[in-house]
Amino acid sequence: MTHENSTPQIAKPGDSQNQVSARRRLIKGSFAAPAALTLCSGSALAAASQTCVQKLVTPPGGGNGGVDASPPLTTTDTSTTSFWRVQVYQSSSGPNNGSKWVRGLDIVSRQGVKPGATLTPFLSSNQYYRTNPAPNITSTNTTSSGSDATGTLNGTGQWIAVRVDSAGNIVGIQGIAASGSTSAMTATCWTSFKV
Amino acid sequence: MARYARSEGILIEAMGHLWAAFCPATGETTLLNTESVSILEVLEAGAADEATICDLLAEDCGVDAATIAAQIEGCWPSLIEVGLVREVRAARTMPG
């Protein structure tokens with residue numbers, strides 16, 4: 001036989017009737033060990049949330065070729081921090097078959113402009129940046145000859161975050177050759193995502 | 001014997017079979033089982049030592065006080081850590 005109430009009651013300070021509700025809910029003949037579990041703070045959950053990526057990079061209106069359509073720096077953009085992503089392509093031929101690359105064309109198209117400043121992305125439009133394996137190899141062509149050739153590239157459906165410095169230049173790939181002084185994303189949940 | 005008191009301003013609300021307790025001193029919300037809240041309810045009347053708490057809870061649930069004492073003996077650090085309970089130390093008397 002139990003002494004448990006079927007309906008939970010709200011205990012309010014100063015309400016003597018509700019103050020005893022927990023004691024009345026004790027089960028007759030047994031007494032479990034008291035337990036106290038502190039709930040996680042909201043900030044910790046937000047930092048670990050995978051929806052963080054969606055909030056940061058999902059563009060209203062969809063993608064723009066291989067690049068998402070989140071707004072680049074423009075003459076009307078006065079924000080100091082931007083988070084962008086570009087698509088990752090995979091080689092299906094040549095000496096680097098299977099390797100993954102970022103296209104300079106995507107980087108340049110994301111660079112945008114900023115009033116009063118000349119912005120220079122780390123890749124030119126005809127260059128390609130290998131992200132995996134052995135990152136930091138830059139190719140200037142997509143042919144299958146040469147050790148830095150990309151071969152034929154195909155979209156992977158994968159994305160990678162790019163680093164933006166305080167001036168607005170796209171200076172690299174997040175997680176590769178990262179520099180705290182040039183990354184605008186080191187303090188965000190982006191940093192939990194690797195190539 | 002150590003005496004324990006319930007911290008001031010604690011808000012407790014039933015959540016199904018568990019309880020949520022908010023401690024304004026720490027700003028944290030803690031999930032408690034019924035046994036923990038029962039201890040807090042006993043302490044709402046004022047600070048009490050462990051024996052008194054066990055006796056009152058024994059009347060509530062029909063378990064002997066010694067068994068309850070064994071169960072709650074280890075709960076004090078966690079209840080104190082989350083700010084729901086504080087230990088009351090007896091005032092020292094100066095030798096005359």
# chains A, B, ... in the order shown; residues from 1 in each chain; ligands from 1
call {"tool": "residues_around", "arguments": {"residues": "Cys23 of chain B", "least_positions_apart": "2", "cutoff": "10 Å", "atoms": "only C-alpha atoms", "output": "PyMOL selection string"}}
result
chain B and resi 7-12+20-21+25-30+82-85
call {"tool": "closest_residue", "arguments": {"among": "A:Ala167, A:Thr120, A:Tyr129, A:Gln87", "to": "Asn154 of chain A", "atoms": "only C-alpha atoms"}}
result
A:Gln87
call {"tool": "select_by_dssp", "arguments": {"residues": "chain B", "states": "strand (DSSP E)", "output": "ChimeraX atom specification"}}
result
/B:3-6,11-15,18-23,28-32,48-49,85-88
call {"tool": "atom_distance", "arguments": {"atom1": "atom CA of Val37 of chain B", "atom2": "atom CA of Thr38 of chain A"}}
result
14.2 Å
call {"tool": "select_by_dssp", "arguments": {"residues": "chain B", "states": "alpha helix (DSSP H)", "output": "CSV table (one decimal) with N, CA and C atoms, in the first residue's frame"}}
result
chain,number,residue,atom,x,y,z
B,34,THR,N,11.5,12.8,-4.4
B,34,THR,CA,10.6,13.1,-3.3
B,34,THR,C,11.3,13.1,-2.0
B,35,GLU,N,12.2,12.2,-1.8
B,35,GLU,CA,12.9,12.1,-0.5
B,35,GLU,C,13.7,13.4,-0.2
B,36,SER,N,14.3,13.9,-1.2
B,36,SER,CA,15.1,15.2,-1.0
B,36,SER,C,14.1,16.3,-0.6
B,37,VAL,N,13.0,16.4,-1.3
B,37,VAL,CA,12.1,17.5,-1.0
B,37,VAL,C,11.5,17.3,0.4
B,38,SER,N,11.3,16.0,0.8
B,38,SER,CA,10.7,15.8,2.1
B,38,SER,C,11.7,16.3,3.2
B,39,ILE,N,13.0,16.2,2.9
B,39,ILE,CA,13.9,16.7,3.9
B,39,ILE,C,13.8,18.3,3.9
B,40,LEU,N,13.7,18.9,2.8
B,40,LEU,CA,13.5,20.3,2.7
B,40,LEU,C,12.2,20.8,3.4
B,41,GLU,N,11.2,20.0,3.3
B,41,GLU,CA,9.9,20.3,3.9
B,41,GLU,C,10.1,20.2,5.5
B,42,VAL,N,10.8,19.2,5.9
B,42,VAL,CA,11.0,19.1,7.3
B,42,VAL,C,11.8,20.3,7.9
B,43,LEU,N,12.7,20.7,7.1
B,43,LEU,CA,13.6,21.9,7.5
B,43,LEU,C,12.9,23.2,7.3
B,50,GLU,N,20.0,15.7,12.3
B,50,GLU,CA,19.7,14.6,11.5
B,50,GLU,C,18.8,13.6,12.2
B,51,ALA,N,18.9,13.4,13.5
B,51,ALA,CA,18.1,12.5,14.2
B,51,ALA,C,16.6,13.0,14.2
B,52,THR,N,16.4,14.3,14.4
B,52,THR,CA,15.0,14.8,14.3
B,52,THR,C,14.4,14.6,12.9
B,53,ILE,N,15.2,14.9,11.9
B,53,ILE,CA,14.7,14.8,10.5
B,53,ILE,C,14.3,13.3,10.3
B,54,CYS,N,15.2,12.4,10.7
B,54,CYS,CA,14.9,11.0,10.5
B,54,CYS,C,13.6,10.5,11.2
B,55,ASP,N,13.5,11.0,12.4
B,55,ASP,CA,12.3,10.7,13.2
B,55,ASP,C,11.0,11.1,12.5
B,56,LEU,N,11.0,12.4,12.0
B,56,LEU,CA,9.8,12.9,11.3
B,56,LEU,C,9.5,12.1,10.1
B,57,LEU,N,10.6,11.9,9.3
B,57,LEU,CA,10.4,11.1,8.0
B,57,LEU,C,10.0,9.7,8.3
B,58,ALA,N,10.4,9.1,9.4
B,58,ALA,CA,10.0,7.8,9.8
B,58,ALA,C,8.5,7.7,10.0
B,59,GLU,N,8.0,8.7,10.6
B,59,GLU,CA,6.6,8.8,10.8
B,59,GLU,C,5.8,8.9,9.5
B,60,ASP,N,6.4,9.6,8.6
B,60,ASP,CA,5.7,9.7,7.3
B,60,ASP,C,5.7,8.5,6.5
B,61,CYS,N,6.8,7.7,6.4
B,61,CYS,CA,6.9,6.6,5.5
B,61,CYS,C,6.9,5.2,6.2
B,65,ALA,N,13.8,4.9,11.7
B,65,ALA,CA,14.7,6.1,11.6
B,65,ALA,C,16.1,5.7,11.3
B,66,ALA,N,16.6,4.6,11.8
B,66,ALA,CA,18.0,4.2,11.6
B,66,ALA,C,18.2,3.9,10.1
B,67,THR,N,17.2,3.3,9.5
B,67,THR,CA,17.3,3.0,8.0
B,67,THR,C,17.4,4.3,7.2
B,68,ILE,N,16.5,5.3,7.6
B,68,ILE,CA,16.5,6.6,6.9
B,68,ILE,C,17.8,7.3,7.2
B,69,ALA,N,18.3,7.2,8.4
B,69,ALA,CA,19.6,7.9,8.7
B,69,ALA,C,20.7,7.4,7.8
B,70,ALA,N,20.7,6.1,7.5
B,70,ALA,CA,21.7,5.5,6.7
B,70,ALA,C,21.6,6.0,5.2
B,71,GLN,N,20.3,6.3,4.8
B,71,GLN,CA,20.1,6.7,3.5
B,71,GLN,C,20.4,8.2,3.3
B,72,ILE,N,20.1,9.0,4.2
B,72,ILE,CA,20.3,10.4,4.0
B,72,ILE,C,21.7,10.9,4.5
B,76,TRP,N,23.9,15.1,2.3
B,76,TRP,CA,24.1,16.5,2.8
B,76,TRP,C,25.1,17.2,1.9
B,77,PRO,N,26.2,16.6,1.5
B,77,PRO,CA,27.1,17.4,0.7
B,77,PRO,C,26.5,17.9,-0.6
B,78,SER,N,25.7,17.0,-1.3
B,78,SER,CA,25.1,17.5,-2.5
B,78,SER,C,24.0,18.5,-2.3
B,79,LEU,N,23.2,18.4,-1.3
B,79,LEU,CA,22.2,19.4,-1.0
B,79,LEU,C,22.9,20.7,-0.6
B,80,ILE,N,24.0,20.7,0.1
B,80,ILE,CA,24.7,21.9,0.5
B,80,ILE,C,25.3,22.5,-0.7
B,81,GLU,N,25.9,21.7,-1.6
B,81,GLU,CA,26.6,22.2,-2.8
B,81,GLU,C,25.7,22.9,-3.7
call {"tool": "residues_around", "arguments": {"residues": "Ser139 of chain A", "least_positions_apart": "4", "cutoff": "10 Å", "atoms": "only C-alpha atoms", "output": "ChimeraX atom specification"}}
result
/A:101,103-104,123,126-130,143,146-150
call {"tool": "closest_residue", "arguments": {"among": "B:Gly74, B:Tyr4, B:Ala48, B:Val63", "to": "chain A", "atoms": "only C-alpha atoms"}}
result
B:Val63
call {"tool": "closest_residue", "arguments": {"among": "B:Ala47, B:Gly16, B:Pro24, B:Val88", "to": "chain A", "atoms": "only C-alpha atoms"}}
result
B:Gly16
call {"tool": "atom_distance", "arguments": {"atom1": "atom CA of Glu73 of chain B", "atom2": "atom CA of Ala5 of chain B"}}
result
15.1 Å
call {"tool": "closest_residue", "arguments": {"among": "B:Cys75, B:Met1, B:Leu32, B:Ala45", "to": "Leu18 of chain B", "atoms": "only C-alpha atoms"}}
result
B:Leu32
